[in-house]
$ cat model19.pdb   # PDB, N, CA and C atoms
ATOM      1  N   MET V   1      99.402-127.362 247.973  1.00  0.00           N
ATOM      2  CA  MET V   1      98.019-127.757 247.995  1.00  0.00           C
ATOM      3  C   MET V   1      97.212-126.623 248.628  1.00  0.00           C
ATOM      4  N   ASN V   2      96.229-126.118 247.903  1.00  0.00           N
ATOM      5  CA  ASN V   2      95.416-125.033 248.458  1.00  0.00           C
ATOM      6  C   ASN V   2      94.247-125.606 249.284  1.00  0.00           C
ATOM      7  N   GLU V   3      93.471-124.727 249.888  1.00  0.00           N
ATOM      8  CA  GLU V   3      92.390-125.157 250.787  1.00  0.00           C
ATOM      9  C   GLU V   3      91.346-126.017 250.083  1.00  0.00           C
ATOM     10  N   ASP V   4      90.984-125.649 248.850  1.00  0.00           N
ATOM     11  CA  ASP V   4      89.992-126.438 248.112  1.00  0.00           C
ATOM     12  C   ASP V   4      90.517-127.839 247.815  1.00  0.00           C
ATOM     13  N   GLU V   5      91.793-127.940 247.470  1.00  0.00           N
ATOM     14  CA  GLU V   5      92.390-129.249 247.207  1.00  0.00           C
ATOM     15  C   GLU V   5      92.434-130.098 248.475  1.00  0.00           C
ATOM     16  N   LYS V   6      92.710-129.465 249.610  1.00  0.00           N
ATOM     17  CA  LYS V   6      92.712-130.190 250.885  1.00  0.00           C
ATOM     18  C   LYS V   6      91.325-130.738 251.190  1.00  0.00           C
ATOM     19  N   LYS V   7      90.303-129.899 251.012  1.00  0.00           N
ATOM     20  CA  LYS V   7      88.929-130.329 251.266  1.00  0.00           C
ATOM     21  C   LYS V   7      88.537-131.480 250.345  1.00  0.00           C
ATOM     22  N   GLU V   8      88.921-131.380 249.077  1.00  0.00           N
ATOM     23  CA  GLU V   8      88.610-132.436 248.112  1.00  0.00           C
ATOM     24  C   GLU V   8      89.321-133.741 248.485  1.00  0.00           C
ATOM     25  N   PHE V   9      90.575-133.638 248.908  1.00  0.00           N
ATOM     26  CA  PHE V   9      91.339-134.815 249.312  1.00  0.00           C
ATOM     27  C   PHE V   9      90.656-135.498 250.503  1.00  0.00           C
ATOM     28  N   ILE V  10      90.261-134.724 251.507  1.00  0.00           N
ATOM     29  CA  ILE V  10      89.597-135.285 252.686  1.00  0.00           C
ATOM     30  C   ILE V  10      88.243-135.887 252.311  1.00  0.00           C
ATOM     31  N   ALA V  11      87.507-135.230 251.425  1.00  0.00           N
ATOM     32  CA  ALA V  11      86.222-135.779 250.973  1.00  0.00           C
ATOM     33  C   ALA V  11      86.427-137.111 250.258  1.00  0.00           C
ATOM     34  N   ASP V  12      87.420-137.176 249.391  1.00  0.00           N
ATOM     35  CA  ASP V  12      87.739-138.429 248.705  1.00  0.00           C
ATOM     36  C   ASP V  12      88.159-139.500 249.704  1.00  0.00           C
ATOM     37  N   PHE V  13      88.949-139.099 250.696  1.00  0.00           N
ATOM     38  CA  PHE V  13      89.402-140.029 251.726  1.00  0.00           C
ATOM     39  C   PHE V  13      88.211-140.598 252.486  1.00  0.00           C
ATOM     40  N   THR V  14      87.246-139.755 252.832  1.00  0.00           N
ATOM     41  CA  THR V  14      86.065-140.180 253.579  1.00  0.00           C
ATOM     42  C   THR V  14      85.244-141.198 252.800  1.00  0.00           C
ATOM     43  N   LYS V  15      85.158-141.021 251.483  1.00  0.00           N
ATOM     44  CA  LYS V  15      84.348-141.901 250.631  1.00  0.00           C
ATOM     45  C   LYS V  15      85.064-143.188 250.232  1.00  0.00           C
ATOM     46  N   ALA V  16      86.366-143.237 250.386  1.00  0.00           N
ATOM     47  CA  ALA V  16      87.159-144.343 249.862  1.00  0.00           C
ATOM     48  C   ALA V  16      87.001-145.623 250.681  1.00  0.00           C
ATOM     49  N   ASP V  17      87.288-146.752 250.008  1.00  0.00           N
ATOM     50  CA  ASP V  17      87.332-148.019 250.737  1.00  0.00           C
ATOM     51  C   ASP V  17      88.653-148.102 251.499  1.00  0.00           C
ATOM     52  N   ILE V  18      88.786-149.081 252.352  1.00  0.00           N
ATOM     53  CA  ILE V  18      89.947-149.152 253.244  1.00  0.00           C
ATOM     54  C   ILE V  18      91.269-149.229 252.479  1.00  0.00           C
ATOM     55  N   THR V  19      91.311-149.956 251.375  1.00  0.00           N
ATOM     56  CA  THR V  19      92.561-150.056 250.600  1.00  0.00           C
ATOM     57  C   THR V  19      92.953-148.698 250.050  1.00  0.00           C
ATOM     58  N   ARG V  20      91.990-147.995 249.502  1.00  0.00           N
ATOM     59  CA  ARG V  20      92.277-146.665 248.953  1.00  0.00           C
ATOM     60  C   ARG V  20      92.630-145.689 250.065  1.00  0.00           C
ATOM     61  N   LYS V  21      91.963-145.804 251.220  1.00  0.00           N
ATOM     62  CA  LYS V  21      92.290-144.934 252.360  1.00  0.00           C
ATOM     63  C   LYS V  21      93.746-145.125 252.763  1.00  0.00           C
ATOM     64  N   LEU V  22      94.197-146.363 252.821  1.00  0.00           N
ATOM     65  CA  LEU V  22      95.587-146.617 253.190  1.00  0.00           C
ATOM     66  C   LEU V  22      96.540-146.036 252.162  1.00  0.00           C
ATOM     67  N   ASP V  23      96.215-146.184 250.874  1.00  0.00           N
ATOM     68  CA  ASP V  23      97.053-145.602 249.819  1.00  0.00           C
ATOM     69  C   ASP V  23      97.135-144.090 249.978  1.00  0.00           C
ATOM     70  N   MET V  24      96.013-143.456 250.255  1.00  0.00           N
ATOM     71  CA  MET V  24      95.982-142.000 250.416  1.00  0.00           C
ATOM     72  C   MET V  24      96.758-141.588 251.659  1.00  0.00           C
ATOM     73  N   TRP V  25      96.627-142.366 252.734  1.00  0.00           N
ATOM     74  CA  TRP V  25      97.342-142.063 253.973  1.00  0.00           C
ATOM     75  C   TRP V  25      98.843-142.160 253.762  1.00  0.00           C
ATOM     76  N   TYR V  26      99.292-143.235 253.099  1.00  0.00           N
ATOM     77  CA  TYR V  26     100.724-143.389 252.822  1.00  0.00           C
ATOM     78  C   TYR V  26     101.237-142.257 251.931  1.00  0.00           C
ATOM     79  N   PHE V  27     100.431-141.838 250.960  1.00  0.00           N
ATOM     80  CA  PHE V  27     100.804-140.716 250.096  1.00  0.00           C
ATOM     81  C   PHE V  27     101.013-139.455 250.935  1.00  0.00           C
ATOM     82  N   ALA V  28     100.078-139.177 251.847  1.00  0.00           N
ATOM     83  CA  ALA V  28     100.176-137.973 252.684  1.00  0.00           C
ATOM     84  C   ALA V  28     101.407-138.037 253.586  1.00  0.00           C
ATOM     85  N   VAL V  29     101.678-139.197 254.158  1.00  0.00           N
ATOM     86  CA  VAL V  29     102.849-139.366 255.023  1.00  0.00           C
ATOM     87  C   VAL V  29     104.130-139.153 254.215  1.00  0.00           C
ATOM     88  N   GLU V  30     104.157-139.696 253.003  1.00  0.00           N
ATOM     89  CA  GLU V  30     105.331-139.527 252.138  1.00  0.00           C
ATOM     90  C   GLU V  30     105.555-138.054 251.810  1.00  0.00           C
ATOM     91  N   GLN V  31     104.480-137.334 251.516  1.00  0.00           N
ATOM     92  CA  GLN V  31     104.592-135.912 251.210  1.00  0.00           C
ATOM     93  C   GLN V  31     105.118-135.143 252.417  1.00  0.00           C
ATOM     94  N   GLU V  32     104.651-135.506 253.605  1.00  0.00           N
ATOM     95  CA  GLU V  32     105.117-134.849 254.822  1.00  0.00           C
ATOM     96  C   GLU V  32     106.625-135.030 254.988  1.00  0.00           C
ATOM     97  N   ALA V  33     107.099-136.254 254.755  1.00  0.00           N
ATOM     98  CA  ALA V  33     108.528-136.538 254.890  1.00  0.00           C
ATOM     99  C   ALA V  33     109.343-135.741 253.879  1.00  0.00           C
ATOM    100  N   ILE V  34     108.842-135.648 252.663  1.00  0.00           N
ATOM    101  CA  ILE V  34     109.548-134.882 251.618  1.00  0.00           C
ATOM    102  C   ILE V  34     109.658-133.416 252.032  1.00  0.00           C
ATOM    103  N   TRP V  35     108.551-132.831 252.537  1.00  0.00           N
ATOM    104  CA  TRP V  35     108.572-131.420 252.930  1.00  0.00           C
ATOM    105  C   TRP V  35     109.454-131.184 254.141  1.00  0.00           C
ATOM    106  N   GLU V  36     109.485-132.128 255.074  1.00  0.00           N
ATOM    107  CA  GLU V  36     110.376-131.981 256.228  1.00  0.00           C
ATOM    108  C   GLU V  36     111.836-131.938 255.778  1.00  0.00           C
ATOM    109  N   GLU V  37     112.191-132.802 254.829  1.00  0.00           N
ATOM    110  CA  GLU V  37     113.559-132.804 254.298  1.00  0.00           C
ATOM    111  C   GLU V  37     113.871-131.495 253.581  1.00  0.00           C
ATOM    112  N   LEU V  38     112.927-131.026 252.760  1.00  0.00           N
ATOM    113  CA  LEU V  38     113.134-129.771 252.036  1.00  0.00           C
ATOM    114  C   LEU V  38     113.293-128.601 252.999  1.00  0.00           C
ATOM    115  N   LEU V  39     112.440-128.532 254.018  1.00  0.00           N
ATOM    116  CA  LEU V  39     112.529-127.438 254.988  1.00  0.00           C
ATOM    117  C   LEU V  39     113.850-127.473 255.749  1.00  0.00           C
ATOM    118  N   ALA V  40     114.311-128.655 256.112  1.00  0.00           N
ATOM    119  CA  ALA V  40     115.595-128.772 256.816  1.00  0.00           C
ATOM    120  C   ALA V  40     116.733-128.292 255.929  1.00  0.00           C
ATOM    121  N   GLU V  41     116.715-128.689 254.659  1.00  0.00           N
ATOM    122  CA  GLU V  41     117.774-128.266 253.739  1.00  0.00           C
ATOM    123  C   GLU V  41     117.711-126.757 253.496  1.00  0.00           C
ATOM    124  N   MET V  42     116.506-126.220 253.345  1.00  0.00           N
ATOM    125  CA  MET V  42     116.354-124.780 253.145  1.00  0.00           C
ATOM    126  C   MET V  42     116.873-124.020 254.361  1.00  0.00           C
ATOM    127  N   SER V  43     116.605-124.526 255.543  1.00  0.00           N
ATOM    128  CA  SER V  43     117.074-123.893 256.766  1.00  0.00           C
ATOM    129  C   SER V  43     118.593-123.865 256.822  1.00  0.00           C
ATOM    130  N   MET V  44     119.229-124.988 256.475  1.00  0.00           N
ATOM    131  CA  MET V  44     120.697-125.036 256.481  1.00  0.00           C
ATOM    132  C   MET V  44     121.282-124.054 255.471  1.00  0.00           C
ATOM    133  N   ILE V  45     120.673-123.963 254.302  1.00  0.00           N
ATOM    134  CA  ILE V  45     121.153-123.043 253.268  1.00  0.00           C
ATOM    135  C   ILE V  45     121.011-121.602 253.742  1.00  0.00           C
ATOM    136  N   ALA V  46     119.860-121.273 254.336  1.00  0.00           N
ATOM    137  CA  ALA V  46     119.624-119.912 254.818  1.00  0.00           C
ATOM    138  C   ALA V  46     120.604-119.549 255.927  1.00  0.00           C
ATOM    139  N   GLN V  47     120.862-120.481 256.837  1.00  0.00           N
ATOM    140  CA  GLN V  47     121.800-120.213 257.924  1.00  0.00           C
ATOM    141  C   GLN V  47     123.217-120.062 257.403  1.00  0.00           C
ATOM    142  N   ALA V  48     123.597-120.843 256.403  1.00  0.00           N
ATOM    143  CA  ALA V  48     124.931-120.739 255.833  1.00  0.00           C
ATOM    144  C   ALA V  48     125.095-119.412 255.089  1.00  0.00           C
ATOM    145  N   ALA V  49     124.015-118.948 254.460  1.00  0.00           N
ATOM    146  CA  ALA V  49     124.070-117.697 253.708  1.00  0.00           C
ATOM    147  C   ALA V  49     124.136-116.486 254.628  1.00  0.00           C
ATOM    148  N   ASN V  50     123.578-116.613 255.824  1.00  0.00           N
ATOM    149  CA  ASN V  50     123.543-115.491 256.742  1.00  0.00           C
ATOM    150  C   ASN V  50     123.730-116.022 258.168  1.00  0.00           C
ATOM    151  N   PRO V  51     124.945-116.392 258.523  1.00  0.00           N
ATOM    152  CA  PRO V  51     125.175-117.028 259.825  1.00  0.00           C
ATOM    153  C   PRO V  51     124.911-116.133 261.038  1.00  0.00           C
ATOM    154  N   LYS V  52     124.924-114.808 260.862  1.00  0.00           N
ATOM    155  CA  LYS V  52     124.693-113.918 261.997  1.00  0.00           C
ATOM    156  C   LYS V  52     123.215-113.804 262.369  1.00  0.00           C
ATOM    157  N   ALA V  53     122.347-114.034 261.405  1.00  0.00           N
ATOM    158  CA  ALA V  53     120.902-113.959 261.672  1.00  0.00           C
ATOM    159  C   ALA V  53     120.432-115.309 262.208  1.00  0.00           C
ATOM    160  N   ARG V  54     119.590-115.255 263.207  1.00  0.00           N
ATOM    161  CA  ARG V  54     119.066-116.501 263.786  1.00  0.00           C
ATOM    162  C   ARG V  54     117.555-116.504 263.600  1.00  0.00           C
ATOM    163  N   VAL V  55     117.046-117.658 263.219  1.00  0.00           N
ATOM    164  CA  VAL V  55     115.622-117.814 263.048  1.00  0.00           C
ATOM    165  C   VAL V  55     115.011-118.189 264.377  1.00  0.00           C
ATOM    166  N   SER V  56     114.017-117.453 264.794  1.00  0.00           N
ATOM    167  CA  SER V  56     113.357-117.741 266.061  1.00  0.00           C
ATOM    168  C   SER V  56     112.487-118.977 265.920  1.00  0.00           C
ATOM    169  N   GLU V  57     112.567-119.869 266.890  1.00  0.00           N
ATOM    170  CA  GLU V  57     111.776-121.083 266.861  1.00  0.00           C
ATOM    171  C   GLU V  57     110.614-121.007 267.838  1.00  0.00           C
ATOM    172  N   GLU V  58     110.112-119.811 268.063  1.00  0.00           N
ATOM    173  CA  GLU V  58     108.997-119.618 268.991  1.00  0.00           C
ATOM    174  C   GLU V  58     107.700-119.833 268.289  1.00  0.00           C
TER     175      GLU V  58
END
$ encode --input "model19.pdb" --output "C-alpha cells"
Amino acid sequence: MNEDEKKEFIADFTKADITRKLDMWYFAVEQEAIWEELLAEMSMIAQAANPKARVSEE
C-alpha cells in the first residue's frame, strides 16, 4: 500500500458509518497479522540460508 492509498483508506474510514469502520478496522488488523507471519517466515528462511550473519534488532 503506497502513501496515497493509505491516505485514501483513512479518508474513507473517517467518512464511514460505524459498521463500515469496524469492517475496515478488522481488515487492517487481519492484514497486520498476515504481514507479521510473512516477516517471521522470511526471517527464519534468511537465518537458515545464512546462519553466520545476524540481523540487528536495534
$ atom_distance --input "model19.pdb" --atom1 "atom N of Ala46 in chain V" --atom2 "atom C of Glu5 in chain V"
29.4 Å
$ atom_distance --input "model19.pdb" --atom1 "atom C of Glu8 in chain V" --atom2 "CA of Ala28 in chain V"
12.4 Å
$ atom_distance --input "model19.pdb" --atom1 "CA of Lys52 in chain V" --atom2 "CA of Trp35 in chain V"
25.5 Å
